[in-house]
file target.csv (CSV, C-alpha atoms)
chain,number,residue,atom,x,y,z
K,79,MET,CA,36.3,-5.0,1.2
K,80,ASN,CA,34.0,-6.5,-1.5
K,81,CYS,CA,30.5,-5.6,-2.7
K,82,PRO,CA,28.6,-8.0,-0.4
K,83,ASP,CA,30.6,-6.6,2.6
K,84,CYS,CA,29.9,-3.1,1.5
K,85,LYS,CA,26.2,-3.8,1.1
K,86,ASP,CA,26.1,-5.4,4.5
K,87,LYS,CA,27.5,-2.3,6.1
K,88,LEU,CA,25.8,0.3,4.0
K,89,ASP,CA,23.0,1.1,6.5
K,90,ARG,CA,25.7,1.8,9.2
K,91,PHE,CA,27.8,3.8,6.7
K,92,VAL,CA,24.8,6.0,5.7
K,93,ASP,CA,24.0,6.5,9.4
K,94,ARG,CA,27.7,7.2,10.3
K,95,GLU,CA,27.7,4.4,12.8
K,96,LEU,CA,30.9,2.6,11.8
K,97,THR,CA,34.4,3.0,13.2
K,98,THR,CA,36.7,5.5,11.5
K,99,THR,CA,38.6,2.5,10.0
K,100,GLU,CA,35.5,0.9,8.7
K,101,MET,CA,34.2,4.2,7.3
K,102,LEU,CA,37.5,4.6,5.4
K,103,GLU,CA,37.4,1.0,4.1
K,104,ILE,CA,33.9,1.6,2.7
K,105,GLN,CA,34.9,5.0,1.3
K,106,LEU,CA,37.8,3.4,-0.6
K,107,HIS,CA,35.6,0.7,-1.9
K,108,LEU,CA,32.9,3.2,-3.1
K,109,GLU,CA,35.5,5.2,-4.9
K,110,GLY,CA,36.5,2.2,-7.0
K,111,CYS,CA,33.0,0.7,-7.5
K,112,PRO,CA,30.5,2.8,-9.4
K,113,GLU,CA,27.7,0.4,-8.7
K,114,CYS,CA,28.1,0.5,-4.9
K,115,MET,CA,28.6,4.3,-5.1
K,116,ASP,CA,25.3,4.7,-7.0
K,117,ASN,CA,23.5,2.5,-4.4
K,118,TYR,CA,25.1,4.5,-1.6
K,119,GLU,CA,24.0,7.8,-3.1
K,120,PHE,CA,20.5,6.4,-3.6
K,121,GLN,CA,20.2,5.3,0.0
K,122,THR,CA,21.5,8.6,1.2
K,123,GLN,CA,19.0,10.5,-0.8
K,124,LEU,CA,16.2,8.3,0.3
K,125,LYS,CA,17.2,8.9,4.0
K,126,ARG,CA,17.2,12.7,3.3
K,127,LEU,CA,13.9,12.4,1.5
K,128,VAL,CA,12.3,10.7,4.5
K,129,LYS,CA,13.7,13.3,6.9
K,130,HIS,CA,12.6,16.3,4.8
K,131,SER,CA,9.2,14.8,4.2
K,132,CYS,CA,8.5,14.1,7.9
K,133,ASP,CA,10.2,16.9,9.8
K,134,CYS,CA,8.2,19.8,8.4
K,135,ASP,CA,5.4,19.4,10.9
K,136,THR,CA,5.6,21.6,13.9
K,137,ALA,CA,3.4,21.9,17.0
K,138,PRO,CA,0.6,24.4,16.5
K,139,PRO,CA,1.4,27.7,18.3
K,140,GLU,CA,-1.8,27.5,20.4
K,141,PHE,CA,-0.9,24.0,21.6
K,142,ARG,CA,2.6,25.2,22.5
K,143,GLU,CA,1.0,28.0,24.5
K,144,LYS,CA,-1.4,25.7,26.2
K,145,LEU,CA,1.5,23.4,27.3
K,146,ARG,CA,3.5,26.4,28.5
K,147,GLN,CA,0.7,27.4,30.8
K,148,LEU,CA,0.1,23.8,32.0
K,149,LEU,CA,3.8,23.4,32.8
K,150,SER,CA,4.1,26.6,34.7
Q,215,MET,CA,0.6,28.3,42.3
Q,216,ALA,CA,3.8,30.2,41.3
Q,217,GLU,CA,6.4,27.9,39.7
Q,218,SER,CA,9.9,27.6,41.1
Q,219,PRO,CA,12.9,28.8,39.0
Q,220,ALA,CA,14.0,25.2,38.7
Q,221,GLN,CA,10.6,24.2,37.4
Q,222,THR,CA,10.6,27.1,34.9
Q,223,THR,CA,14.0,26.1,33.6
Q,224,PHE,CA,12.9,22.5,33.3
Q,225,ALA,CA,9.7,23.4,31.5
Q,226,GLU,CA,11.6,25.7,29.1
Q,227,GLU,CA,14.1,23.1,28.2
Q,228,ALA,CA,11.4,20.5,27.8
Q,229,LEU,CA,9.3,22.7,25.6
Q,230,GLY,CA,12.4,23.2,23.4
Q,231,HIS,CA,11.8,19.6,22.2
Q,232,LEU,CA,8.1,20.0,21.6
Q,233,ASP,CA,8.3,19.8,17.8
Q,234,THR,CA,10.2,16.6,17.9
Q,235,LEU,CA,7.7,15.1,20.3
Q,236,TYR,CA,4.7,16.4,18.3
Q,237,ARG,CA,6.1,15.1,15.0
Q,238,GLY,CA,6.8,11.7,16.6
Q,239,ALA,CA,3.3,11.6,18.2
Q,240,LEU,CA,1.7,12.6,14.9
Q,241,ARG,CA,3.5,9.9,13.0
Q,242,LEU,CA,2.7,7.3,15.7
Q,243,THR,CA,-1.0,8.1,16.1
Q,244,ARG,CA,-1.6,9.4,12.6
Q,245,ASP,CA,-4.1,11.9,14.1
Q,246,PRO,CA,-3.4,15.5,15.1
Q,247,ASP,CA,-5.9,15.5,18.0
Q,248,GLN,CA,-4.6,12.2,19.4
Q,249,ALA,CA,-1.0,13.5,18.9
Q,250,GLN,CA,-1.8,16.5,21.0
Q,251,ASP,CA,-3.4,14.4,23.7
Q,252,LEU,CA,-0.4,12.1,23.8
Q,253,VAL,CA,2.2,14.9,23.9
Q,254,GLN,CA,0.3,16.7,26.6
Q,255,GLU,CA,0.1,13.6,28.7
Q,256,ALA,CA,3.8,13.0,28.1
Q,257,TYR,CA,4.7,16.5,29.3
Q,258,LEU,CA,2.6,16.3,32.4
Q,259,ARG,CA,4.2,12.9,33.2
Q,260,ALA,CA,7.7,14.4,32.6
Q,261,LEU,CA,6.9,17.3,34.9
Q,262,ARG,CA,5.7,14.8,37.6
Q,263,TYR,CA,8.9,12.7,37.3
Q,264,GLN,CA,11.4,15.5,36.5
Q,265,HIS,CA,13.4,14.4,39.6
Q,266,SER,CA,14.3,11.3,37.6
Q,267,TYR,CA,15.8,13.3,34.8
Q,268,GLN,CA,19.5,13.9,35.2
Q,269,PRO,CA,20.5,17.4,34.0
Q,270,GLY,CA,23.0,17.3,31.2
Q,271,THR,CA,21.8,14.0,29.8
Q,272,ASN,CA,19.7,13.7,26.6
Q,273,MET,CA,16.4,15.4,27.5
Q,274,LYS,CA,15.0,14.9,24.0
Q,275,ALA,CA,15.5,11.1,24.3
Q,276,TRP,CA,14.1,11.1,27.8
Q,277,LEU,CA,11.0,12.9,26.7
Q,278,PHE,CA,10.5,10.8,23.6
Q,279,ALA,CA,10.8,7.6,25.7
Q,280,ILE,CA,8.0,8.9,28.0
Q,281,MET,CA,5.8,9.7,25.0
Q,282,ARG,CA,6.4,6.4,23.2
Q,283,ASN,CA,5.8,4.4,26.4
Q,284,LEU,CA,2.5,6.2,26.8
Q,285,PHE,CA,1.7,5.4,23.2
Q,286,TRP,CA,2.5,1.7,23.7
Q,287,ASP,CA,0.4,1.6,26.9
Q,288,ARG,CA,-2.6,2.6,24.7
Q,289,PHE,CA,-1.5,0.1,22.1
Q,290,LYS,CA,-1.5,-2.9,24.4
Q,291,GLY,CA,-3.5,-5.9,23.2
Q,292,SER,CA,-2.7,-5.4,19.6
Q,293,ARG,CA,-1.8,-8.4,17.6
Q,294,LYS,CA,1.9,-8.9,16.9
Q,295,GLU,CA,1.5,-8.8,13.2
Q,296,ASP,CA,0.0,-5.3,13.5
Q,297,VAL,CA,3.0,-3.9,15.2
Q,298,SER,CA,5.9,-5.7,13.7
Q,299,LEU,CA,7.2,-6.8,10.3
Q,300,ASP,CA,8.2,-10.3,9.4
Q,301,ASP,CA,11.4,-10.7,7.5
Q,302,ALA,CA,10.2,-10.6,4.0
Q,303,GLY,CA,13.7,-10.8,2.5
Q,304,ASP,CA,15.6,-8.1,0.9
Q,305,PHE,CA,13.9,-5.6,-1.3
Q,306,LEU,CA,16.1,-3.0,-2.7
Q,307,LEU,CA,14.3,-0.3,-4.6
Q,308,TYR,CA,17.6,0.9,-6.1
Q,309,GLU,CA,18.3,-2.5,-7.7
Q,310,LYS,CA,14.7,-3.0,-8.8
Q,311,LEU,CA,14.6,0.3,-10.5
Q,312,ARG,CA,18.0,-0.1,-12.1
Q,313,ASP,CA,17.0,-3.5,-13.4
Q,314,GLU,CA,14.0,-1.9,-15.0
Q,315,GLY,CA,16.0,0.7,-16.8
Q,316,ALA,CA,15.2,3.6,-14.6
Q,317,ARG,CA,17.6,6.1,-13.1
Q,318,PRO,CA,16.6,5.5,-9.5
Q,319,GLU,CA,17.3,9.0,-8.2
Q,320,ALA,CA,16.5,11.3,-11.0
Q,321,ASP,CA,13.6,9.3,-12.4
Q,322,VAL,CA,11.9,8.2,-9.2
Q,323,LEU,CA,13.1,9.8,-5.9
Q,324,ASP,CA,12.9,13.3,-7.3
Q,325,LYS,CA,9.3,12.7,-8.3
Q,326,LEU,CA,8.0,11.3,-5.1
Q,327,ALA,CA,5.7,13.8,-3.2
Q,328,ALA,CA,6.5,14.4,0.4
Q,329,SER,CA,2.9,13.3,1.3
Q,330,GLU,CA,3.6,9.9,-0.3
Q,331,VAL,CA,6.8,9.5,1.7
Q,332,VAL,CA,4.9,10.4,4.9
Q,333,SER,CA,2.2,7.9,4.0
Q,334,ALA,CA,4.7,5.2,3.4
Q,335,VAL,CA,6.3,5.9,6.8
Q,336,GLU,CA,2.9,5.9,8.5
Q,337,LYS,CA,2.1,2.5,6.9
Q,338,LEU,CA,5.1,0.9,8.7
Q,339,PRO,CA,4.1,-1.1,11.8
Q,340,PRO,CA,4.7,1.1,14.9
Q,341,LEU,CA,7.7,-0.9,16.2
Q,342,HIS,CA,9.5,-0.1,12.9
Q,343,ARG,CA,8.0,3.3,12.4
Q,344,GLU,CA,9.4,4.6,15.7
Q,345,VAL,CA,13.0,3.6,14.8
Q,346,VAL,CA,12.7,5.4,11.4
Q,347,LEU,CA,11.4,8.5,13.3
Q,348,LEU,CA,14.3,8.5,15.8
Q,349,VAL,CA,17.2,7.7,13.4
Q,350,ASP,CA,16.1,9.1,10.1
Q,351,VAL,CA,13.9,12.0,11.0
Q,352,GLU,CA,15.3,13.1,14.3
Q,353,GLY,CA,18.9,12.1,13.8
Q,354,PHE,CA,19.3,9.9,16.9
Q,355,SER,CA,22.4,7.7,17.1
Q,356,TYR,CA,21.7,4.0,17.3
Q,357,LYS,CA,22.8,4.1,20.9
Q,358,ASP,CA,20.4,6.9,21.8
Q,359,ALA,CA,17.6,5.2,19.9
Q,360,ALA,CA,18.3,1.9,21.7
Q,361,GLU,CA,18.2,3.7,25.1
Q,362,THR,CA,15.0,5.5,24.2
Q,363,LEU,CA,13.3,2.4,23.0
Q,364,GLY,CA,14.8,0.1,25.7
Q,365,VAL,CA,16.2,-2.4,23.3
Q,366,PRO,CA,19.7,-3.5,22.3
Q,367,ILE,CA,21.5,-1.7,19.5
Q,368,GLY,CA,21.3,-4.8,17.4
Q,369,THR,CA,17.5,-4.6,17.6
Q,370,VAL,CA,17.5,-1.0,16.5
Q,371,MET,CA,19.7,-2.0,13.5
Q,372,SER,CA,17.5,-5.0,12.4
Q,373,ARG,CA,14.2,-3.0,12.8
Q,374,LEU,CA,15.7,-0.1,10.9
Q,375,HIS,CA,16.8,-2.4,8.1
Q,376,ARG,CA,13.4,-4.1,7.8
Q,377,ALA,CA,11.7,-0.7,8.0
Q,378,ARG,CA,13.8,0.7,5.2
Q,379,GLN,CA,13.1,-2.4,3.1
Q,380,GLN,CA,9.4,-2.0,3.6
Q,381,LEU,CA,9.5,1.7,3.0
Q,382,GLN,CA,11.2,1.1,-0.3
Q,383,LYS,CA,8.6,-1.5,-1.3
Q,384,SER,CA,5.8,0.9,-0.5
Q,385,LEU,CA,7.4,3.7,-2.5
Q,386,TYR,CA,8.0,1.3,-5.4
Q,387,ASP,CA,4.3,0.2,-5.3
Q,388,TYR,CA,3.3,3.9,-5.3
Q,389,ALA,CA,5.7,4.7,-8.2
Q,390,LEU,CA,4.0,1.8,-10.1
Q,391,GLU,CA,0.5,2.9,-9.3
Q,392,SER,CA,1.1,6.5,-10.1
Q,393,GLY,CA,2.9,5.7,-13.4
Q,394,ILE,CA,6.3,7.0,-12.3
Q,395,VAL,CA,7.7,3.6,-13.3
Q,396,ARG,CA,6.1,0.9,-15.4
Q,397,GLY,CA,6.8,-2.4,-13.8
Q,398,SER,CA,9.1,-5.3,-14.7
Q,399,ASN,CA,11.4,-5.0,-17.6
Q,400,SER,CA,10.0,-1.8,-18.9
Q,401,GLN,CA,11.4,1.7,-19.0
Q,402,VAL,CA,10.4,4.6,-16.8
Q,403,ALA,CA,7.2,6.1,-18.0
Q,404,ASN,CA,7.6,8.8,-20.6
Q,405,GLN,CA,7.3,12.3,-19.2
call {"tool": "encode", "arguments": {"input": "target.csv", "output": "structure tokens"}}
result
Amino acid sequence: MNCPDCKDKLDRFVDRELTTTEMLEIQLHLEGCPECMDNYEFQTQLKRLVKHSCDCDTAPPEFREKLRQLLS
Amino acid sequence: MAESPAQTTFAEEALGHLDTLYRGALRLTRDPDQAQDLVQEAYLRALRYQHSYQPGTNMKAWLFAIMRNLFWDRFKGSRKEDVSLDDAGDFLLYEKLRDEGARPEADVLDKLAASEVVSAVEKLPPLHREVVLLVDVEGFSYKDAAETLGVPIGTVMSRLHRARQQLQKSLYDYALESGIVRGSNSQVANQ
């Protein structure tokens, strides 16, 4: 595992979409490469920021009730 | 007309995913009234076609697929450049900020307002926006996202990658405009 390989697989690592073996390979690389580790932590925090910024909206209660009546 | 127990169960389970659908619709339409119209239409369609839903499978993905298909029916006729992103090459906010002497997380991410992040997501073309919504906001796996969108997993991955590149570029532009960072070869703005 080198830095370009790590960068190539970083999206899938952040999204937990690699095989167990690949996850371990990246993890090992990150532990020995501060630059890739910093990038990984940045990408993870960015993903978290997107989630927290976008998932605070909830359906208005009156809309929920309207749908409940429509569906019954 | 009184509902059957099966219909009640279906409706209750479906309504359990309302917030996910509403958020998705809100981000896709960028308008609360249109979002409610879209979600309501999606639920009515889901009720009509509930026989095609297999109990025990991913209802959230099934409902989201109905909703986004309705959205795209309305979107038909749009120019490709309005709905997709060309490959503009890699833009890594992390590298850009680090090269400019910033501490990318502490100096920039921590200072971005949620509203700016939402705005950056909403600026993404819909084809890319919906992948970010499914994977990053709602936590779908690539496989579930691919099934929901009716595309191969590779397409999910490439759209997600481009979306994240564009998102980082938008956030960088905002950080520049708002003075959080000061552009090329300069330090982060003094606090």
call {"tool": "residues_around", "arguments": {"input": "target.csv", "residues": "Ala279 (chain Q)", "least_positions_apart": "2", "cutoff": "12 Å", "atoms": "all atoms listed in the file", "output": "number ranges by chain"}}
result
Q: 234-235, 238-239, 253, 256-257, 259-260, 267, 272-277, 281-286, 344-345, 348, 358-365
call {"tool": "interface_residues", "arguments": {"input": "target.csv", "of": "chain K", "to": "chain Q", "cutoff": "8 Å", "atoms": "only C-alpha atoms", "output": "MDAnalysis selection string"}}
result
chainID K and resid 89 93 95 117 120:121 123:133 135:137 141:142 145:146 148:150
call {"tool": "atom_distance", "arguments": {"input": "target.csv", "atom1": "CA of Glu314 (chain Q)", "atom2": "CA of Cys111 (chain K)"}}
result
20.6 Å
call {"tool": "atom_distance", "arguments": {"input": "target.csv", "atom1": "CA of Arg244 (chain Q)", "atom2": "CA of Glu227 (chain Q)"}}
result
26.0 Å
call {"tool": "closest_residue", "arguments": {"input": "target.csv", "among": "Q:Gly230, Q:Pro339, Q:Gly393, Q:Pro269", "to": "Thr243 (chain Q)", "atoms": "only C-alpha atoms"}}
result
Q:Pro339
call {"tool": "closest_residue", "arguments": {"input": "target.csv", "among": "K:Thr99, K:Val92, K:Asp116, K:Gly110", "to": "Asn80 (chain K)", "atoms": "all atoms listed in the file"}}
result
K:Gly110
call {"tool": "atom_distance", "arguments": {"input": "target.csv", "atom1": "CA of Cys84 (chain K)", "atom2": "CA of Ile104 (chain K)"}}
result
6.3 Å
